[in-house]
Amino acid sequence: MKPLIGADDPEVPVWASYTDVAMNVLVVLLLYLFTQAVYSTLTEADLIRIREEQRQMRATVMAALTADLQKDVTVAEDGQLMRYQFSDRVLFDSGEATLKDSGREILSAMGKAFHSKVGTFSQIQVEGHTDDKPIHTSLFDSNWELSSARATSVVRFLEDDAHMDPKLLSATGYSQYRPLSLEDSERARALNRRIEVVVVYTLRTHSGANR
């Protein structure tokens with residue numbers, strides 16, 4: 001019987017050749033350089049323009065809100081994103097996804113400000129976040145459904161009330177999996193229960209978005 005060729009057979013290359021290793025390294029390097037080129041398309045002038053558009057948007061939004069409503073909004077610049085953050089209690093009752101009157105008031109003012117700036121941003125992403133307490137009601141089986149329904153309620157309001165082009169809007173529910181705080185306390189859970197309206201700025205904006 002002919003013996004099986006084993007790893008100790010000098011005819012069989014067990015280790016990759018130097019050429020193979022070099023080629024793999026080269027391919028990885030080229031992919032890395034290509035990725036960097038794709039994500040480095042913003043010039044300094046682009047970044048300056050985006051910062052100015054964010055500044056103007058922030059000023060427009062805050063001017064549209066009363067002093068009382070301004071206290072319920074936290075604004076943060078995050079690179080090409082501008083995040084408008086609300087505690088869930090401002091927009092919704094506990095375990096609910098129907099906007100409260102206070103929520104409708106604040107989103108109506110913000111929606112008008114967003115509408116006046118259409119063309120300077122590329123998208124508005126609405127994110128729903130909950131705390132880590134399990135939920136099971138007749139309406140929602142889990143925090144996934146609740147966070148998604150709340151984000152969708154905000155998107156629908158921006159479309160119906162502020163007449164935002166739906167192509168500019170998106171809704172995402174993150175449940176409890178993107179917390180702001182990992183502390184095991186009521187304060188931390190209240191902080192994590194929130195809605196974030198994220199305005200995205202890129203080189204490409206949507207023209208003709210007014211309806």
# chains A, B, ... in the order shown; residues from 1 in each chain; ligands from 1
>>> closest_atom_pairs(of="segment 31-134 of chain A", to="segment 189-203 of chain A", cutoff="10 Å", atoms="only C-alpha atoms", output="tab-separated table")
residue	atom	partner	partner_atom	distance
A:Thr41	CA	A:Leu203	CA	8.7
A:Leu42	CA	A:Leu203	CA	7.5
A:Thr43	CA	A:Leu203	CA	9.9
A:Asp46	CA	A:Leu203	CA	7.3
A:Leu47	CA	A:Thr202	CA	9.3
A:Arg49	CA	A:Leu203	CA	9.7
A:Ile50	CA	A:Tyr201	CA	6.5
A:Arg51	CA	A:Tyr201	CA	9.3
A:Glu53	CA	A:Tyr201	CA	8.5
A:Gln54	CA	A:Tyr201	CA	8.3
A:Met57	CA	A:Val199	CA	9.4
A:Val73	CA	A:Glu196	CA	9.8
A:Thr74	CA	A:Glu196	CA	9.3
A:Val75	CA	A:Glu196	CA	9.5
A:Ala76	CA	A:Val198	CA	9.6
A:Glu77	CA	A:Val199	CA	9.6
A:Asp78	CA	A:Val198	CA	9.5
A:Gly79	CA	A:Tyr201	CA	8.9
A:Gln80	CA	A:Tyr201	CA	5.2
A:Leu81	CA	A:Val200	CA	4.8
A:Met82	CA	A:Val199	CA	5.1
A:Arg83	CA	A:Val198	CA	4.5
A:Tyr84	CA	A:Val197	CA	5.0
A:Gln85	CA	A:Glu196	CA	4.4
A:Phe86	CA	A:Ile195	CA	5.3
A:Ser87	CA	A:Arg194	CA	4.4
A:Asp88	CA	A:Arg194	CA	4.5
A:Arg89	CA	A:Arg194	CA	8.1
A:Val90	CA	A:Arg194	CA	9.0
A:Leu91	CA	A:Ile195	CA	8.3
A:Phe92	CA	A:Arg194	CA	9.7
A:Ser94	CA	A:Arg193	CA	10.0
A:Leu107	CA	A:Val197	CA	9.9
A:Met110	CA	A:Val197	CA	10.0
A:Phe114	CA	A:Val199	CA	9.0
A:Gly119	CA	A:Tyr201	CA	9.9
A:Thr120	CA	A:Tyr201	CA	7.4
A:Phe121	CA	A:Tyr201	CA	4.7
A:Ser122	CA	A:Tyr201	CA	5.5
A:Gln123	CA	A:Val200	CA	5.1
A:Ile124	CA	A:Val199	CA	4.6
A:Gln125	CA	A:Val198	CA	5.0
A:Val126	CA	A:Val197	CA	4.6
A:Glu127	CA	A:Glu196	CA	5.1
A:Gly128	CA	A:Ile195	CA	4.9
A:His129	CA	A:Arg194	CA	5.3
A:Thr130	CA	A:Arg193	CA	4.3
A:Asp131	CA	A:Arg189	CA	5.1
A:Asp132	CA	A:Arg189	CA	7.3
A:Lys133	CA	A:Arg189	CA	8.5
>>> select_by_dssp(residues="segment 63-192 of chain A", states="helix (DSSP H, G or I)", output="VMD selection string")
chain A and resid 63 to 64 67 to 70 88 to 91 101 to 116 143 to 160 166 to 168 186 to 192
>>> atom_distance(atom1="atom CA of Thr137 of chain A", atom2="atom CA of Arg104 of chain A")
23.9 Å
>>> closest_atom_pairs(of="segment 69-120 of chain A", to="segment 146-164 of chain A", cutoff="7 Å", atoms="only C-alpha atoms", output="JSON lines")
{"residue": "A:Ala97", "atom": "CA", "partner": "A:Arg150", "partner_atom": "CA", "distance": 4.7}
{"residue": "A:Thr98", "atom": "CA", "partner": "A:Ser153", "partner_atom": "CA", "distance": 6.9}
{"residue": "A:Ser108", "atom": "CA", "partner": "A:Ala162", "partner_atom": "CA", "distance": 6.5}
{"residue": "A:Gly111", "atom": "CA", "partner": "A:Ala162", "partner_atom": "CA", "distance": 5.0}
{"residue": "A:Lys112", "atom": "CA", "partner": "A:Ala162", "partner_atom": "CA", "distance": 5.6}
{"residue": "A:His115", "atom": "CA", "partner": "A:Met164", "partner_atom": "CA", "distance": 6.3}
>>> select_by_dssp(residues="segment 137-185 of chain A", states="strand (DSSP E or B)", output="number ranges by chain")
A: 169-173
